[in-house]
file protein_17.cif (mmCIF, C-alpha atoms)
data_start
loop_
_atom_site.label_atom_id
_atom_site.label_comp_id
_atom_site.auth_asym_id
_atom_site.auth_seq_id
_atom_site.Cartn_x
_atom_site.Cartn_y
_atom_site.Cartn_z
CA MET A 29 0.00 0.00 0.00
CA ASP A 30 2.71 2.39 1.02
CA LYS A 31 4.73 1.60 -2.03
CA GLN A 32 1.78 2.22 -4.33
CA ARG A 33 0.99 5.60 -2.83
CA ARG A 34 4.62 6.62 -3.26
CA LYS A 35 4.53 5.58 -6.90
CA PHE A 36 1.25 7.40 -7.49
CA LEU A 37 2.58 10.65 -6.04
CA LYS A 38 5.68 10.46 -8.21
CA ILE A 39 3.66 9.93 -11.38
CA ALA A 40 1.23 12.69 -10.44
CA GLY A 41 4.08 15.11 -9.80
CA ALA A 42 5.78 14.32 -13.10
CA ALA A 43 2.51 14.66 -15.00
CA ALA A 44 1.75 18.03 -13.39
CA LEU A 45 5.21 19.32 -14.26
CA ALA A 46 4.89 18.17 -17.87
CA GLY A 47 1.42 19.73 -18.13
CA ILE A 48 2.57 23.10 -16.85
CA SER A 49 5.70 23.25 -19.00
CA ALA A 50 4.13 21.91 -22.23
CA PRO A 51 2.79 25.29 -23.57
CA VAL A 52 6.16 26.94 -22.95
CA VAL A 53 8.00 24.19 -24.78
CA VAL A 54 5.59 24.36 -27.73
CA LYS A 55 5.97 28.14 -27.91
CA LEU A 56 9.76 27.99 -27.85
CA THR A 57 10.07 25.25 -30.45
CA SER A 58 7.58 26.65 -32.99
CA SER A 59 9.02 28.99 -35.60
CA PRO A 60 8.46 32.71 -35.05
CA ALA A 61 6.92 33.13 -38.52
CA LEU A 62 4.23 30.62 -37.71
CA ALA A 63 3.54 32.17 -34.36
CA SER A 64 2.92 35.64 -35.79
CA SER A 65 0.77 34.54 -38.71
CA THR A 66 -1.92 33.23 -36.44
CA GLY A 67 -2.42 36.54 -34.73
CA HIS A 68 -4.42 38.37 -37.39
CA GLY A 69 -7.81 37.43 -36.06
CA GLU A 70 -9.28 37.18 -39.53
CA THR A 71 -10.75 34.21 -41.36
CA PRO A 72 -8.40 32.93 -44.06
CA ALA A 73 -10.85 33.61 -46.90
CA HIS A 74 -11.16 37.26 -46.00
CA ALA A 75 -7.57 37.75 -44.98
CA ALA A 76 -6.06 36.66 -48.27
CA PRO A 77 -6.33 39.95 -50.23
CA ALA A 78 -5.52 42.13 -47.24
CA ASP A 79 -2.36 40.20 -46.43
CA ALA A 80 -1.03 40.73 -49.91
CA HIS A 81 -1.11 44.49 -49.33
CA ALA A 82 0.19 44.36 -45.81
CA ALA A 83 3.26 42.48 -46.92
CA THR A 84 4.44 45.17 -49.29
CA GLY A 85 6.24 48.23 -48.11
CA HIS A 86 6.17 51.81 -49.29
CA GLY A 87 6.46 52.48 -52.95
CA VAL A 88 6.16 48.85 -53.94
CA GLU A 89 3.26 48.07 -56.18
CA GLU A 90 1.75 44.78 -55.20
CA ALA A 91 0.67 42.32 -57.84
CA PRO A 92 -3.06 42.90 -58.19
CA THR A 93 -5.36 39.96 -57.86
CA GLY A 94 -8.96 39.63 -58.99
CA VAL A 95 -11.21 42.40 -60.21
CA ARG A 96 -11.06 45.85 -58.66
CA LEU A 97 -13.62 48.16 -60.14
CA GLY A 98 -12.66 51.78 -60.36
CA MET A 99 -13.75 55.07 -61.79
CA LEU A 100 -11.99 57.94 -63.48
CA ILE A 101 -13.76 61.28 -63.42
CA ASP A 102 -12.51 63.67 -66.05
CA MET A 103 -13.40 66.98 -64.41
CA ARG A 104 -12.20 68.90 -67.48
CA LYS A 105 -15.36 67.81 -69.24
CA LEU A 106 -17.58 68.90 -66.37
CA TYR A 107 -16.10 72.35 -65.74
CA GLY A 108 -18.62 75.09 -66.34
CA HIS A 109 -21.51 72.64 -66.30
CA PRO A 110 -23.01 72.67 -62.81
CA GLU A 111 -26.21 71.40 -64.40
CA LEU A 112 -24.39 68.21 -65.37
CA LEU A 113 -23.28 67.63 -61.78
CA GLU A 114 -26.86 68.14 -60.68
CA LYS A 115 -28.13 65.79 -63.34
CA LEU A 116 -25.65 63.10 -62.30
CA ALA A 117 -26.75 63.26 -58.68
CA ALA A 118 -30.40 63.24 -59.69
CA VAL A 119 -29.94 60.19 -61.92
CA CYS A 120 -28.07 58.28 -59.24
CA HIS A 121 -30.52 59.15 -56.52
CA LYS A 122 -33.50 58.25 -58.64
CA VAL A 123 -32.16 54.84 -59.61
CA HIS A 124 -31.44 53.98 -55.98
CA ASN A 125 -34.52 55.44 -54.31
CA VAL A 126 -32.42 57.96 -52.40
CA PRO A 127 -34.61 60.37 -50.45
CA GLU A 128 -34.32 64.10 -50.83
CA ILE A 129 -34.02 65.45 -47.32
CA ASP A 130 -32.84 68.96 -46.54
CA GLY A 131 -30.33 69.77 -43.87
CA ALA A 132 -26.67 68.88 -43.43
CA LYS A 133 -27.44 66.39 -40.68
CA SER A 134 -30.29 64.48 -42.26
CA GLU A 135 -29.49 64.66 -45.96
CA ILE A 136 -28.80 61.42 -47.80
CA LYS A 137 -26.32 61.51 -50.64
CA TRP A 138 -24.68 58.91 -52.81
CA LEU A 139 -23.28 61.25 -55.40
CA TRP A 140 -22.85 64.97 -54.87
CA ASP A 141 -20.48 67.86 -55.51
CA VAL A 142 -18.25 69.97 -53.30
CA PRO A 143 -15.69 72.78 -53.81
CA PHE A 144 -12.08 71.83 -54.57
CA GLU A 145 -10.73 72.47 -51.07
CA ASN A 146 -13.33 70.13 -49.59
CA ALA A 147 -12.81 67.40 -52.13
CA PHE A 148 -9.02 67.60 -52.13
CA PRO A 149 -7.95 69.14 -48.82
CA GLU A 150 -4.45 67.70 -49.21
CA HIS A 151 -3.92 69.57 -52.44
CA SER A 152 -3.09 73.22 -52.20
CA ALA A 153 -5.82 75.64 -53.14
CA TYR A 154 -3.56 78.65 -52.57
CA HIS A 155 -3.62 80.92 -55.62
CA ALA A 156 -5.89 78.42 -57.29
CA SER A 157 -6.99 79.03 -60.82
CA ALA A 158 -10.36 80.54 -61.61
CA ILE A 159 -11.56 77.15 -62.89
CA THR A 160 -10.64 75.51 -59.62
CA LYS A 161 -12.37 78.19 -57.59
CA GLU A 162 -15.51 78.40 -59.66
CA ASN A 163 -16.25 74.73 -60.10
CA ASN A 164 -17.50 72.04 -57.82
CA TYR A 165 -16.11 68.54 -57.90
CA LEU A 166 -18.10 65.36 -58.25
CA VAL A 167 -17.64 63.13 -55.22
CA LEU A 168 -18.93 59.72 -54.19
CA CYS A 169 -17.86 56.69 -52.19
CA ASN A 170 -14.28 55.96 -53.21
CA GLN A 171 -14.73 52.18 -52.97
CA CYS A 172 -11.37 52.09 -51.22
CA ASP A 173 -9.05 49.14 -51.47
CA GLU A 174 -8.34 49.56 -47.76
CA PRO A 175 -11.75 50.73 -46.57
CA PRO A 176 -11.74 52.08 -43.02
CA CYS A 177 -15.53 51.74 -42.86
CA VAL A 178 -15.19 47.99 -43.27
CA ARG A 179 -12.58 47.80 -40.53
CA VAL A 180 -14.84 49.46 -38.00
CA CYS A 181 -18.16 47.80 -38.86
CA PRO A 182 -19.05 45.58 -35.89
CA THR A 183 -21.57 43.45 -37.79
CA LYS A 184 -19.85 43.10 -41.17
CA ALA A 185 -22.81 44.92 -42.67
CA THR A 186 -20.33 46.72 -44.86
CA PHE A 187 -17.66 44.65 -46.49
CA LYS A 188 -15.48 44.43 -49.55
CA MET A 189 -17.07 42.34 -52.26
CA PRO A 190 -14.47 39.71 -53.11
CA THR A 191 -15.59 39.45 -56.72
CA THR A 192 -15.49 43.14 -57.66
CA GLY A 193 -13.62 44.99 -54.93
CA VAL A 194 -16.70 47.14 -54.37
CA VAL A 195 -17.31 48.21 -50.78
CA ALA A 196 -20.83 46.90 -50.39
CA MET A 197 -23.55 47.35 -47.81
CA ASP A 198 -25.86 44.66 -46.51
CA TYR A 199 -28.66 46.75 -45.07
CA HIS A 200 -30.17 43.68 -43.45
CA ARG A 201 -27.22 43.56 -41.09
CA CYS A 202 -26.71 47.25 -40.41
CA ILE A 203 -27.52 48.14 -36.82
CA GLY A 204 -27.11 51.87 -37.37
CA CYS A 205 -24.17 52.38 -35.01
CA ARG A 206 -22.60 54.87 -37.48
CA PHE A 207 -19.03 53.74 -36.78
CA CYS A 208 -18.54 53.58 -40.54
CA MET A 209 -19.51 57.23 -40.83
CA MET A 210 -16.80 58.04 -38.31
CA GLY A 211 -14.38 55.82 -40.21
CA CYS A 212 -15.02 57.21 -43.67
CA PRO A 213 -12.71 60.16 -44.35
CA TYR A 214 -14.76 61.20 -47.37
CA GLY A 215 -18.16 61.70 -45.76
CA ALA A 216 -19.54 59.27 -48.28
CA ARG A 217 -22.00 57.72 -45.88
CA SER A 218 -25.38 59.01 -44.81
CA PHE A 219 -27.58 57.93 -41.96
CA ASN A 220 -31.33 57.53 -42.17
CA TRP A 221 -32.52 59.50 -39.21
CA MET A 222 -36.11 58.96 -40.27
CA ASP A 223 -38.17 56.82 -42.57
CA PRO A 224 -36.89 57.85 -45.99
CA ARG A 225 -39.99 56.88 -47.96
CA PRO A 226 -41.96 60.10 -47.62
CA TYR A 227 -38.96 61.94 -49.08
CA ILE A 228 -38.65 59.81 -52.20
CA LYS A 229 -40.34 61.42 -55.14
CA GLU A 230 -40.42 58.49 -57.53
CA TYR A 231 -39.78 54.86 -56.81
CA ASN A 232 -37.60 52.62 -58.89
CA ALA A 233 -39.63 49.44 -58.47
CA ASP A 234 -36.58 47.23 -59.09
CA PHE A 235 -34.63 48.58 -56.15
CA PRO A 236 -35.53 48.65 -52.47
CA THR A 237 -35.58 51.74 -50.30
CA ARG A 238 -33.83 51.88 -46.97
CA MET A 239 -35.41 52.02 -43.54
CA ARG A 240 -34.95 54.31 -40.58
CA GLY A 241 -31.74 53.59 -38.70
CA VAL A 242 -29.39 52.30 -41.38
CA VAL A 243 -26.40 53.90 -43.07
CA GLU A 244 -26.31 54.05 -46.84
CA LYS A 245 -23.90 54.91 -49.60
CA CYS A 246 -23.01 54.46 -53.26
CA ASN A 247 -22.83 50.81 -54.31
CA PHE A 248 -21.08 51.39 -57.66
CA CYS A 249 -24.40 50.32 -59.21
CA SER A 250 -23.74 46.66 -58.45
CA GLU A 251 -27.32 45.85 -59.38
CA ARG A 252 -26.89 47.46 -62.81
CA LEU A 253 -23.53 45.81 -63.41
CA ALA A 254 -25.21 42.43 -62.85
CA LEU A 255 -27.51 43.22 -65.76
CA GLY A 256 -24.58 44.15 -67.97
CA LEU A 257 -25.27 47.88 -67.67
CA GLU A 258 -22.83 50.59 -66.73
CA PRO A 259 -23.28 52.60 -63.55
CA ALA A 260 -26.05 55.15 -63.88
CA CYS A 261 -23.70 58.15 -63.59
CA VAL A 262 -21.33 56.78 -66.23
CA GLU A 263 -24.25 56.28 -68.57
CA ALA A 264 -25.68 59.73 -67.87
CA VAL A 265 -22.57 61.52 -69.18
CA LYS A 266 -21.61 58.88 -71.70
CA ASP A 267 -21.99 61.31 -74.59
CA ILE A 268 -19.15 63.51 -73.33
CA GLY A 269 -17.16 60.63 -71.79
CA ALA A 270 -16.67 62.41 -68.49
CA ILE A 271 -16.57 59.23 -66.42
CA VAL A 272 -14.67 56.09 -67.29
CA PHE A 273 -15.48 52.90 -65.44
CA GLY A 274 -13.66 49.60 -65.41
CA ASP A 275 -11.35 47.09 -63.80
CA LEU A 276 -8.25 48.72 -62.33
CA ASN A 277 -6.48 45.37 -62.21
CA ASP A 278 -6.91 44.65 -65.90
CA PRO A 279 -3.98 46.22 -67.78
CA ASN A 280 -6.01 46.24 -70.99
CA SER A 281 -9.10 48.00 -69.65
CA GLU A 282 -10.01 51.46 -70.87
CA ILE A 283 -9.67 52.95 -67.43
CA ARG A 284 -6.11 51.65 -67.16
CA ARG A 285 -5.29 53.06 -70.55
CA ARG A 286 -6.60 56.44 -69.46
CA LEU A 287 -4.78 56.26 -66.14
CA ASP A 288 -1.53 55.52 -67.95
CA GLN A 289 -2.12 58.42 -70.28
CA ASP A 290 -3.11 61.29 -67.97
CA HIS A 291 -1.98 62.62 -64.62
CA THR A 292 -4.68 61.74 -62.12
CA ILE A 293 -5.24 62.49 -58.46
CA GLN A 294 -7.13 60.74 -55.70
CA ARG A 295 -8.87 62.15 -52.66
CA LYS A 296 -6.79 62.23 -49.46
CA PRO A 297 -4.18 59.73 -50.67
CA SER A 298 -2.04 60.12 -47.55
CA LEU A 299 -4.62 58.29 -45.47
CA GLY A 300 -3.72 55.05 -47.17
CA THR A 301 -7.28 54.08 -47.98
CA LYS A 302 -6.32 53.50 -51.62
CA PRO A 303 -9.37 55.02 -53.29
CA SER A 304 -10.61 53.47 -56.51
CA VAL A 305 -11.96 56.78 -57.79
CA PHE A 306 -9.51 58.90 -59.76
CA TYR A 307 -9.77 62.46 -60.96
CA ILE A 308 -8.32 64.46 -63.81
CA VAL A 309 -8.50 68.09 -62.70
CA MET B 27 -68.92 -1.37 -10.25
CA TYR B 28 -69.94 0.93 -7.45
CA ASN B 29 -71.66 4.25 -8.15
CA LYS B 30 -72.02 3.48 -11.84
CA ARG B 31 -74.57 6.21 -12.22
CA THR B 32 -72.24 8.99 -11.12
CA ILE B 33 -68.94 7.66 -12.41
CA ILE B 34 -69.92 7.17 -16.03
CA PRO B 35 -71.52 10.60 -16.57
CA GLY B 36 -68.64 12.09 -14.62
CA LEU B 37 -66.15 10.43 -16.92
CA ALA B 38 -68.08 11.61 -19.95
CA ILE B 39 -68.05 15.17 -18.68
CA PHE B 40 -64.33 14.91 -17.91
CA VAL B 41 -63.51 13.67 -21.41
CA LEU B 42 -65.62 16.41 -22.97
CA PHE B 43 -63.87 18.99 -20.82
CA VAL B 44 -60.37 17.74 -21.64
CA THR B 45 -61.04 17.65 -25.36
CA PHE B 46 -62.66 21.10 -25.27
CA PRO B 47 -59.96 22.79 -27.43
CA LEU B 48 -60.35 20.19 -30.15
CA TRP B 49 -64.08 20.32 -30.63
CA PHE B 50 -64.28 24.01 -29.94
CA ASN B 51 -61.88 24.67 -32.82
CA ALA B 52 -63.72 22.20 -35.02
CA PHE B 53 -66.92 24.22 -34.76
CA SER B 54 -65.66 27.76 -34.35
CA THR B 55 -64.69 30.02 -37.24
CA ALA B 56 -62.31 32.10 -35.15
CA SER B 57 -59.19 30.62 -36.71
CA THR B 58 -59.62 29.09 -40.10
CA VAL B 59 -56.38 28.47 -41.93
CA PRO B 60 -56.09 31.31 -44.42
CA LYS B 61 -56.23 30.65 -48.11
CA THR B 62 -53.57 32.65 -49.89
CA GLU B 63 -54.38 34.30 -53.15
CA LEU B 64 -52.95 32.54 -56.17
CA PRO B 65 -51.12 34.78 -58.62
CA PRO B 66 -53.71 37.05 -60.25
CA GLY B 67 -51.86 36.68 -63.53
CA GLY B 68 -52.56 32.95 -63.54
CA GLU B 69 -48.95 31.79 -63.30
CA LYS B 70 -48.85 28.15 -62.35
CA GLN B 71 -45.13 27.74 -61.79
CA CYS B 72 -42.84 29.01 -59.08
CA VAL B 73 -39.15 28.58 -58.36
CA ALA B 74 -40.03 25.51 -56.30
CA SER B 75 -43.08 23.38 -55.60
CA ALA B 76 -45.91 24.90 -53.60
CA SER B 77 -45.27 22.69 -50.58
CA GLU B 78 -41.59 23.53 -50.61
CA MET B 79 -42.28 27.23 -50.92
CA ARG B 80 -44.86 27.07 -48.17
CA ALA B 81 -42.40 25.40 -45.83
CA SER B 82 -39.16 27.16 -46.63
CA HIS B 83 -39.66 30.35 -48.63
CA MET B 84 -38.01 32.28 -45.83
CA ALA B 85 -34.89 30.14 -46.05
CA LEU B 86 -34.80 30.58 -49.81
CA LEU B 87 -35.14 34.34 -49.46
CA ASN B 88 -32.29 34.44 -46.98
CA GLU B 89 -30.19 32.33 -49.30
CA TRP B 90 -30.88 34.64 -52.22
CA ARG B 91 -30.17 37.67 -50.09
CA ASP B 92 -26.77 36.35 -49.04
CA GLU B 93 -25.87 35.23 -52.53
CA VAL B 94 -26.82 38.54 -54.12
CA LEU B 95 -25.47 40.90 -51.51
CA ARG B 96 -22.53 39.11 -50.03
CA ASP B 97 -21.21 36.81 -52.75
CA GLY B 98 -22.15 38.90 -55.76
CA GLY B 99 -24.19 36.01 -57.16
CA ARG B 100 -26.82 38.02 -58.97
CA ILE B 101 -27.26 35.55 -61.80
CA ALA B 102 -30.92 34.81 -62.42
CA VAL B 103 -32.39 31.45 -61.48
CA THR B 104 -33.92 29.51 -64.34
CA VAL B 105 -36.66 27.03 -63.52
CA ASN B 106 -38.36 25.14 -66.36
CA GLY B 107 -37.18 27.64 -68.89
CA LYS B 108 -38.43 30.68 -67.02
CA GLU B 109 -35.91 33.11 -65.65
CA TYR B 110 -36.29 34.59 -62.21
CA ARG B 111 -34.06 37.37 -60.95
CA LYS B 112 -33.11 36.76 -57.35
CA GLY B 113 -35.12 39.11 -55.21
CA LEU B 114 -38.35 39.72 -53.45
CA GLN B 115 -39.30 42.66 -55.63
CA MET B 116 -37.79 41.22 -58.77
CA ALA B 117 -39.08 37.65 -58.60
CA CYS B 118 -41.79 36.96 -56.00
CA MET B 119 -43.83 40.11 -56.39
CA GLN B 120 -43.82 39.86 -60.16
CA CYS B 121 -46.43 37.08 -59.91
CA HIS B 122 -47.77 37.48 -56.39
CA THR B 123 -48.66 41.08 -56.99
CA ASN B 124 -50.82 41.48 -53.93
CA LYS B 125 -48.73 41.46 -50.78
CA GLU B 126 -51.77 42.03 -48.55
CA LYS B 127 -53.65 39.00 -49.86
CA PHE B 128 -50.63 36.77 -50.37
CA CYS B 129 -47.98 37.44 -47.74
CA ASP B 130 -49.97 39.09 -45.01
CA SER B 131 -52.84 36.61 -44.86
CA CYS B 132 -50.56 33.84 -43.59
CA HIS B 133 -48.12 35.99 -41.68
CA GLU B 134 -50.93 37.50 -39.67
CA TYR B 135 -52.40 34.09 -39.00
CA VAL B 136 -49.14 32.69 -37.63
CA SER B 137 -48.31 36.01 -36.01
CA VAL B 138 -44.97 36.68 -37.62
CA THR B 139 -43.85 40.14 -38.69
CA PRO B 140 -41.00 39.83 -41.17
CA TYR B 141 -39.22 43.13 -41.79
CA CYS B 142 -38.97 42.69 -45.55
CA TRP B 143 -41.28 45.55 -46.29
CA ASP B 144 -39.42 48.10 -44.24
CA CYS B 145 -37.15 48.44 -47.25
CA HIS B 146 -38.54 46.36 -50.09
CA LEU B 147 -41.36 47.90 -52.01
CA THR B 148 -44.69 46.18 -52.44
CA PRO B 149 -46.20 46.54 -55.90
CA THR B 150 -48.82 48.81 -54.33
CA ALA B 151 -46.19 51.04 -52.74
CA ALA B 152 -44.14 51.14 -55.91
CA ALA B 153 -47.16 52.11 -57.97
CA GLU B 154 -47.97 54.93 -55.58
CA LYS B 155 -45.02 57.00 -56.72
CA LYS B 156 -44.39 55.80 -60.16
CA GLU B 157 -42.71 57.60 -62.99
CA THR B 158 -45.34 59.73 -64.69
CA HIS B 159 -44.33 60.86 -68.09
#

call {"tool": "encode", "arguments": {"input": "protein_17.cif", "output": "structure tokens"}}
result
Amino acid sequence: MDKQRRKFLKIAGAAALAGISAPVVVKLTSSPALASSTGHGETPAHAAPADAHAATGHGVEEAPTGVRLGMLIDMRKLYGHPELLEKLAAVCHKVHNVPEIDGAKSEIKWLWDVPFENAFPEHSAYHASAITKENNYLVLCNQCDEPPCVRVCPTKATFKMPTTGVVAMDYHRCIGCRFCMMGCPYGARSFNWMDPRPYIKEYNADFPTRMRGVVEKCNFCSERLALGLEPACVEAVKDIGAIVFGDLNDPNSEIRRRLDQDHTIQRKPSLGTKPSVFYIV
Amino acid sequence: MYNKRTIIPGLAIFVLFVTFPLWFNAFSTASTVPKTELPPGGEKQCVASASEMRASHMALLNEWRDEVLRDGGRIAVTVNGKEYRKGLQMACMQCHTNKEKFCDSCHEYVSVTPYCWDCHLTPTAAAEKKETH
């Protein structure tokens, strides 16, 4: 009996020691590369495109993967035509059942126009030309490659569409916390403070409205693209070719050809959001 | 058997009392299972059989929603040669044009309040503010 107890205590002690030291041993023997790669807290499917960017340093252009839809707005063709900017917003808002609400706080906008210094605060407006001062600039959601709104969304109601690179909204999931509005440096998101329906003049029966308490924004006309159409704004100024739309990752697309050809700028590039909307000013 | 004359009527009354919900419902008209309106346009075919739709239309709608919004799968569904775009407004309401007589009749009966219509437009709502020119 005595002998057995002695043996039992020995085994128990050895087992306890091994149990306590096992995690330390595993940690020390595993390679540091492996240990750090598990700390991203993202599912592998969603992490894949983001990791590709994170790995590259400054000034290195990463090899693009998949489709990334983008837009090039040739402001030279819109200068002196405020009516065109108005028309563009009206077309967009009509197609998407966007309500017309007055007031800076409550207004809902997918596509709108602002003065140069608001659109491009990082670019100097000191001694700006008359054209720059007199004209407003067309702005919309930049469909960023590194969207801060997506990072902050607690419900994944806004996310980057893996197939197109469009920053999409799933209104079914939006809880109206407005973190994304804080995150977006472009003010491209609007909150529905009230039921938008009374403020919609004409319904597009093929598209839903939104409800009170959700955030909304431009969706790059994903529903029109599915039908093989171009975004409504692109189509609206097709005759003057003011907006070019296409895949930024396809070296043979028209938008890439135009980007290669002209000097373009993006809004607030220093923030690292990598906007997919380019401007010729 | 002792007290046959009280026990048997007593039992009968007890059984009647216990089965009260059954026969009460059999005779009352307070809760008749609603009959949904068939498509006014006379369409006979849906994306799935009637029994399947009855049982799991909500699951199908959720599936479509996730495919369209989250996976970008907006390709139309083709059933027996007919094409259906994925969507409540774009598929369902094209045939079942009366939400009040089709959706609501059952939903009210089973006391569920789906939030579809907070955003999605019923044909009636869409017609209210239609393009006029």

call {"tool": "resolve_selection", "arguments": {"input": "protein_17.cif", "expression": "the PyMOL selection byres ((chain B and resi 103) around 12)", "output": "MDAnalysis selection string"}}
result
chainID B and resid 72:74 86 90 93:94 99:102 104:113 116:117

call {"tool": "residues_near_point", "arguments": {"input": "protein_17.cif", "point": "(-55.2, 33.1, -51.9)", "cutoff": "12 Å", "atoms": "all atoms listed in the file", "output": "list in words"}}
result
Val59, Pro60, Lys61, Thr62, Glu63, Leu64, Pro65, Pro66, Gly68, His122, Thr123, Asn124, Lys125, Glu126, Lys127, Phe128, Cys129, Asp130, Ser131 and Cys132 of chain B

call {"tool": "residues_around", "arguments": {"input": "protein_17.cif", "residues": "A:Ile136", "least_positions_apart": "6", "cutoff": "9 Å", "atoms": "only C-alpha atoms", "output": "ChimeraX atom specification"}}
result
/A:126-130,217-220,244-245

call {"tool": "interface_residues", "arguments": {"input": "protein_17.cif", "of": "chain A", "to": "chain B", "cutoff": "7 Å", "atoms": "all atoms listed in the file", "output": "list in words"}}
result
Met189, Thr191, Asp198, Lys229, Glu230, Tyr231, Ala233, Asp234, Pro236, Thr237, Arg238, Met239 and Ala254 of chain A

call {"tool": "resolve_selection", "arguments": {"input": "protein_17.cif", "expression": "the PyMOL selection byres ((chain A and resi 107) around 10)", "output": "VMD selection string"}}
result
chain A and resid 102 to 106 108 to 110 112 to 113 159 to 160 162 to 165 309

call {"tool": "resolve_selection", "arguments": {"input": "protein_17.cif", "expression": "the PyMOL selection byres ((chain A and resi 261-263) around 7)", "output": "number ranges by chain"}}
result
A: 116, 119-120, 258-260, 264-266, 271-272

call {"tool": "atom_distance", "arguments": {"input": "protein_17.cif", "atom1": "atom CA of A:Leu166", "atom2": "atom CA of A:Ile101"}}
result
7.9 Å
